[in-house]
Amino acid sequence: MTALEGPMPSPSTGDDSARLNSLHPVAPKLGGDAPGVRAGLALILAVTALVYTQCLRNSFVFDDHEMIVLNRYLGDWSFIWKSAIHDSWWFLNPRRLPQGSYYRPLQDLWLWINFKLFELHPAGWHAAMIALHLIVVLLAFRVTVRVTGDGIVALIASALFALMPIHAEAIVWPTAIPIPLSAAFELAAFDFFLRGRFFEYPDARDQRWRSVSMGLFGCALLTHESAIVFPLLIAAYDLTFPNRPDFEDSEVGATRPFTIRARGSVAIALPYAVEAAVYLGVRFAVLGFFNRPSSRNHMTMPEIILTIPHAIASYATILVMPWLAGPAHRMDLVTSGADIGFILPALGLAALGGAATVLLRRHPGRRLYLFCTAWMLITLAPVLNLGGLVPETIIQDRYLYLPSFGFCVMAADLASSAARGRARGPSVLWIGTAAVAVLYGNILFSVQQYWRDEIALFTRCIEQSPEGGIWHNRLGLAYSARGDFSAARRELETAANYEPDDGTNYYNLALVDEVLGDRSAAKTAISQWLKLLDNAPPNAYTAVALVADAAGDSAAADAALKQAAAMPDGAEPAALARAQLLLRHGKKPEAERALRAIIERDAGNDEALVTLGGILASDKRYDEALADYRQAEAIAPEEPSLHYKIALAFYNLGRIADARDECEIALRGAPYDRNIHALMAAIEQAGATR
């Protein structure tokens, strides 16, 4: 009797592990619903949540400031629909779009929901990330059960995935959210695909599961662009395990010609591919392009191709050496096929693949391992588009979040297979799993502190990648925010030495030199910044004028102002700079008249409003100053220094409660500003004496 002549199987109910057991070549031990397995899964989730509580004390860091703390639109309802029709960084400057290369509306929706729930309290944001990770762990368990039919393997794989130290970056950094969120959607989509996959004869439920799967895939696409490869996962699974209605099991199905199996796999993945094509169309309509290189990345296509083996080898190394987990990894550019950076990784990967093929070619789980390898390579492929990444961030732990699932399943099944048939196999298996979990958990607990604050984060980045100019720049800015300007200057100068073509290093250095009183050095740095600018705007020349004047070079200042005024749209910036110079030289009435003339021509000039407010406040005309500050706040509500000025005006007017509210807003944006803290202390003292 052939497979088609047998009785039609009835649709499964509840867990499909029993059905999977007859289809998968690896014999299972326990189903996913066994009481011991359920208890083990609950223990894994509890331990994972406990280990990750370390991050609840962490602050906002790096992109968190731009995307969350200083995002003036985040609390508005309009933020949701604007994120659906613009790139994910649109809020930086809505008048000049696109601001970035990413289209991630569901990422922005997550940020909006978290802001509504937790406002700017980091602990709430971190708790939400931990909860999401636990959901991903649960989904990883379910998918492993469906793929292997073995609850024990699923339990081990879930423990590895839950506590893997390289996942820290994706979980303890709030703006890394698109990685775990898209992973959740993709694993859920794959789970529902498998539900439908194991109904040998299509019925209504089969189509329902497929529809749900495609809906979840759409959510993944709208969360992170790397989900575009999901149809390849579907095809890879079907090609590896071709247990279709006319085949009794995967091994029988595999005897069919490859071309026939491949056509069937393509047909199954085709609806997902069509959905991906629709997403690309929407992405192009929003951004105006499918993809574009990073402005900081100057790699040529041959260099990208030659560097890819090095990148893959680096990720493989990080996977098997958990103590390497951290926020930065050094990555050297490969420029020649004769470069050792190309030869060694290429040979190493080839040797690894050859050894695995020889050793596992007769292993009963070889099809599973082939699929796990395909999972890792397919999900890693999007981040091997090295030209789209900032050079210093080519290798990042968070990019391994979803690929590591394949590694965990393979490692779990290999360990389980090795333990089978041995007298003390189960004991050794559980002791080994517990030992690895303890090792992972300890490293994970320690790694989370790297994201405690920006000083800790960028110090660690420099330890792992000492020649990364971007990390020295960011550490310099972090020191500057703390008021440690000497340390800031040291780091910014180092950044400029490593990246002499990056003008931002010189601009930030000029600001710090001014604070330190080294006006000659500030003038040199700002001049170097101007030289490196392509098509410098008028504001660049006015910045040079202000620094040159402070250094006592009035001729250079006047020349820069004339250059700014002669440029299109340069008249107003030049006029504002002249007013600021008048104020600096003690000509307050003339400065006030000049500023009022500017505001009369352009009521939206927030810098002129703030400068005028400062003049009025210095004359103790606090009500008038407050009016100008409030008008400027409507234009630039995210600026902490402006809220500080408003708070100071309220304090001088005796409106202590209002002053406290504004000071709290200022502290959210600049938590280490000493002036703001001093004002808050004065406000609290004034409130206590009333």
# chains A, B, ... in the order shown; residues from 1 in each chain; ligands from 1
$ residues_around --residues "stretch 647-653 of chain A" --least-positions-apart "5" --cutoff "8 Å" --atoms "only C-alpha atoms" --output "list of chain:residue names"
A:Ala617, A:Tyr622, A:Asp623, A:Ala625, A:Leu626, A:Asp658, A:Ala659, A:Arg660, A:Asp661, A:Glu662, A:Cys663, A:Leu679, A:Ile683
$ write_last_selection --atoms "N, CA, C and O atoms" --output "JSON list (two decimals), in the first residue's frame"
[["chain", "number", "residue", "atom", "x", "y", "z"],
["A", 617, "ALA", "N", 16.31, 88.52, 31.03],
["A", 617, "ALA", "CA", 16.50, 87.93, 32.37],
["A", 617, "ALA", "C", 17.63, 88.62, 33.12],
["A", 617, "ALA", "O", 17.55, 88.83, 34.34],
["A", 622, "TYR", "N", 11.83, 89.23, 34.16],
["A", 622, "TYR", "CA", 11.62, 87.79, 34.08],
["A", 622, "TYR", "C", 10.34, 87.41, 33.34],
["A", 622, "TYR", "O", 10.31, 86.40, 32.63],
["A", 623, "ASP", "N", 9.29, 88.20, 33.47],
["A", 623, "ASP", "CA", 8.04, 87.90, 32.77],
["A", 623, "ASP", "C", 8.25, 87.97, 31.25],
["A", 623, "ASP", "O", 7.78, 87.11, 30.50],
["A", 625, "ALA", "N", 11.15, 87.70, 29.70],
["A", 625, "ALA", "CA", 12.08, 86.63, 29.33],
["A", 625, "ALA", "C", 11.34, 85.30, 29.22],
["A", 625, "ALA", "O", 11.56, 84.52, 28.27],
["A", 626, "LEU", "N", 10.43, 85.06, 30.17],
["A", 626, "LEU", "CA", 9.67, 83.81, 30.17],
["A", 626, "LEU", "C", 8.82, 83.69, 28.91],
["A", 626, "LEU", "O", 8.71, 82.60, 28.32],
["A", 658, "ASP", "N", 6.25, 75.56, 39.48],
["A", 658, "ASP", "CA", 6.52, 75.58, 38.03],
["A", 658, "ASP", "C", 8.02, 75.41, 37.76],
["A", 658, "ASP", "O", 8.41, 74.74, 36.80],
["A", 659, "ALA", "N", 8.83, 76.04, 38.60],
["A", 659, "ALA", "CA", 10.28, 75.93, 38.43],
["A", 659, "ALA", "C", 10.73, 74.48, 38.60],
["A", 659, "ALA", "O", 11.57, 73.98, 37.85],
["A", 660, "ARG", "N", 10.15, 73.79, 39.60],
["A", 660, "ARG", "CA", 10.51, 72.39, 39.83],
["A", 660, "ARG", "C", 10.13, 71.52, 38.63],
["A", 660, "ARG", "O", 10.92, 70.68, 38.19],
["A", 661, "ASP", "N", 8.96, 71.74, 38.07],
["A", 661, "ASP", "CA", 8.52, 70.94, 36.91],
["A", 661, "ASP", "C", 9.47, 71.12, 35.73],
["A", 661, "ASP", "O", 9.85, 70.14, 35.07],
["A", 662, "GLU", "N", 9.85, 72.35, 35.45],
["A", 662, "GLU", "CA", 10.74, 72.61, 34.31],
["A", 662, "GLU", "C", 12.14, 72.06, 34.58],
["A", 662, "GLU", "O", 12.80, 71.56, 33.67],
["A", 663, "CYS", "N", 12.58, 72.15, 35.82],
["A", 663, "CYS", "CA", 13.90, 71.65, 36.17],
["A", 663, "CYS", "C", 13.95, 70.12, 36.03],
["A", 663, "CYS", "O", 14.97, 69.56, 35.59],
["A", 679, "LEU", "N", 20.36, 74.38, 40.58],
["A", 679, "LEU", "CA", 19.07, 75.08, 40.59],
["A", 679, "LEU", "C", 18.01, 74.23, 41.27],
["A", 679, "LEU", "O", 17.20, 74.76, 42.05],
["A", 683, "ILE", "N", 15.71, 75.20, 44.40],
["A", 683, "ILE", "CA", 14.25, 75.11, 44.32],
["A", 683, "ILE", "C", 13.70, 74.29, 45.48],
["A", 683, "ILE", "O", 12.72, 74.67, 46.13]]
$ residues_around --residues "stretch 605-607 of chain A" --least-positions-apart "6" --cutoff "9 Å" --atoms "only C-alpha atoms" --output "PyMOL selection string"
chain A and resi 576+598-599+628-629+631-636
$ atom_distance --atom1 "atom CA of A:Glu491" --atom2 "atom CA of A:Leu530"
20.5 Å
$ closest_residue --among "A:Ser182, A:Ser78, A:Ser59, A:Ser158" --to "A:Arg38" --atoms "only C-alpha atoms"
A:Ser158
$ residues_around --residues "A:Val512" --least-positions-apart "4" --cutoff "12 Å" --atoms "only C-alpha atoms" --output "JSON, numbers by chain"
{"A": [476, 477, 478, 479, 480, 481, 483, 484, 485, 486, 487, 488, 489, 490, 491, 492, 493, 505, 506, 507, 508, 516, 517, 518, 519, 521, 522, 523, 525, 526, 547]}
